[in-house]
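*Asks:* Supplied in C-alpha cells, the structure appears directly below.
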Amino acid sequence: METIVQIKNLSKEFKGKKAVENVSFSIEPGEVVAILGPNGAGKSTSILMMLGLLHPTSGTVSIFNKQPQDQKVRERIGVMLQQVSLMDALKVKEVLALFRSYYPNPLSMEELIRLTGLQDSELNKRTEKLSGGQKRRVSFALAMAGNPDLVFFDEPTVGMDSTARREFWAKVQQLSKAGKTVLFSTHYLQEADDVATRILLFNEGKLIADGCPSTIKQSLLKKTVSFKIKGNFPKEQFLSMNHISDVYEEKGRIVIQTEDTDHVLSSLFTGELAVSDISIDKGRLEDAFEQLTVEQGVS
C-alpha cells in the first residue's frame, strides 16, 4: 500500500530560530489526521513544507513517494486554507470550471455540487458578492475539484456556525469512507476528538504526541467514577486499592479517580453500597492537550 506522506527528521529555521525541530511521521491512505498545537507550535510551517511552499532546513518530505513540488503530486492533492481568496468578476461556476480544467481526472460538476452542497443561486453569483460562509463553501469545492487523494484543511471551520461545522465534518467523514486521506489543523479540540482517527500534537516545534484521540486521553488522563450515596462511604478501603489514585467529595457526590473504571464499579456493587446516579468520565481531549503542552514546557 502506498504511503501518502512520509516525513523524516524535518526541521525548519527562520533567522536561527527553529520553527520545526526533527519531526518524523508517516500517514497512510484513508487516515483523518488532525494537527494540533498552540500558536507558534510549528503546525502551519509543517503543512507549508508538505505543500512544497516552504523548503526544509534539513530532513525530507515525501508525498506519494515524490517531492511535494512534483506535478504528479499537485494533481493528487487539494487544499483549503483558512484565508479564502477568490478571483473577482467571475461567477462561482466559472471559477469551478477553470479549476477543474487544471486536473487530469476532476470531479464532474454534478459530483462537486452534490458533495459541497452549493446552490444554483451561489453558482451563478459573482465571487465578490459572496458572503463569508458562501466563500468557504466555494473554497471547499475548489479543494475537491481535482478529485484529490489527499486533502489539506487549514482551520476549515473558522467562522462557521455549529450547524455548518457539523455538516462540513459529515462531508469529511464521507471523504474518508471513500478512501481519501485528510489532514487538517484546528483550534476546536472537540472537532479533532470527534472526527480524527489520529492526532499529531505539536509544541515548540516538536512532535510531542502521536496517536488516536482515545489513546492520547487514556495514556494521560485519570478517569473518574462519581455517584451519590446514602450513608457513609468507606473512603480508606477504596484508597487502598492499587487502581485508585484519589477519592474526594465534590458538589454532594463521591468522586473516585482511577485507571480502571470497571473494577471500581464491580467493587461498588459487590460491596452492596447504596449508590445512585453513577457517572463515568473518561476525560477530555482539552485536558490531554493542556497536560502535554504544560509538561513539554516544564521539561
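Labeling convention for the C-alpha cells: chains A, B, ... as they appear, residues from 1 per chain, ligands from 1 in order of appearance.
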Could you find all residues in range 24-187 of chain A that DSSP calls helix (DSSP H, G or I) from the backbone, and write them as a PyMOL selection string?
*Replies:* chain A and resi 43-50+71-74+92-100+109-116+120-123+127-129+132-144+162-177
*Asks:* Would you return as a ChimeraX atom specification the members of range 117-294 of chain A that DSSP assigns to strand (DSSP E or B) on this structure's backbone?
*Replies:* /A:126,150-154,181-185,198-203,206-211,223-229,244-250,253-258,275-281
*Asks:* Name all residues at most 9 Å from Met144 in chain A (count only C-alpha atoms; drop same-chain ones fewer than 6 positions away) and give them as a list of chain:residue names.
*Replies:*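 Counting only the stated atoms, we get A:Ile77, A:Gly78, A:Val79, A:Met80, A:Pro106, A:Leu107, A:Leu112, A:Leu115, A:Thr116, A:Val151.
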*Asks:* With distances taken over only C-alpha atoms, which of A:Ala97, A:Ala164, A:Leu53, A:Ala19 is nearest to Asn39 in chain A?
*Replies:*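 Among the listed residues, the smallest separation from Asn39 in chain A belongs to A:Ala19.
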*Asks:* Taking 3 positions as the minimum chain separation for residues in the same chain, which residues sit within 8 Å of Thr157 in chain A when counting only C-alpha atoms? Answer as a list in words.
*Replies:*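 Contacts, with the query itself left out: Met160, Arg165, Phe168 and Thr186 of chain A.
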*Asks:* For Gly59 in chain A, find every residue with an atom within 8 Å (counting only C-alpha atoms), except residues of its own chain fewer than 4 positions away, and show them as a PyMOL selection string.
*Replies:* chain A and resi 7-11+22
*Asks:* Keeping C-alpha atoms, export the residues of the selection given above as a short mmCIF file (atom, residue, chain, number, x, y, z; two decimals), in the first residue's frame.
*Replies:*
```cif
data_model
loop_
_atom_site.label_atom_id
_atom_site.label_comp_id
_atom_site.auth_asym_id
_atom_site.auth_seq_id
_atom_site.Cartn_x
_atom_site.Cartn_y
_atom_site.Cartn_z
CA ILE A 7 8.29 12.98 6.96
CA LYS A 8 11.83 12.21 8.16
CA ASN A 9 13.83 14.35 10.62
CA LEU A 10 12.18 17.51 9.33
CA SER A 11 13.45 20.86 10.62
CA ASN A 22 13.48 16.99 13.94
#
```
*Asks:* To one decimal in Å, tell me the separation between CA of Ser267 in chain A and CA of Ser214 in chain A.
*Replies:*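 Answer for the CA of Ser267 in chain A to CA of Ser214 in chain A separation: 24.9 Å.
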*Asks:* Between A:Ala170, A:Leu142, A:Ile199, A:Leu239, which one has atoms that come closest to Leu86 in chain A, using only C-alpha atoms?
*Replies:*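 Of A:Ala170, A:Leu142, A:Ile199, A:Leu239, the one nearest Leu86 in chain A, counting only C-alpha atoms, is A:Leu142.
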*Asks:* Find the residues around Val225 in chain A up to 7 Å (only C-alpha atoms counted), leave out those fewer than 5 positions away in its own chain, and share them as JSON, numbers by chain.
*Replies:* {"A": [255, 256, 257, 261, 279, 280, 281]}
*Asks:* One decimal, Å: what's the distance from CA of Glu13 in chain A over to CA of Pro56 in chain A, could you say?
*Replies:*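 Separating CA of Glu13 in chain A from CA of Pro56 in chain A is a distance of 8.1 Å.
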*Asks:* Which residues come within 8 Å of Thr45 in chain A, counting only C-alpha atoms, excluding same-chain residues fewer than 4 positions away, as a PyMOL selection string?
*Replies:* chain A and resi 12+19-20+49+54
*Asks:* Pick out the closest residue to Arg136 in chain A from this set: A:Gln82, A:Asn65, A:Ser101, A:Ser176. Count only C-alpha atoms.
*Replies:*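 Going through A:Gln82, A:Asn65, A:Ser101, A:Ser176 one by one, the smallest distance to Arg136 in chain A is for A:Gln82.
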*Asks:* Check the smallest atom-to-atom distance from each of A:Ile113, A:Ala89, A:Val73, A:Ala274 to Pro148 in chain A using only C-alpha atoms, then report the winner.
*Replies:*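 Answer, going by the shortest atom-to-atom distance: A:Val73.
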*Asks:* Looking at only C-alpha atoms, which of A:Phe269, A:Phe227, A:Phe238, A:Phe153 is the one that sits closest to Ser44 in chain A?
*Replies:* A:Phe153
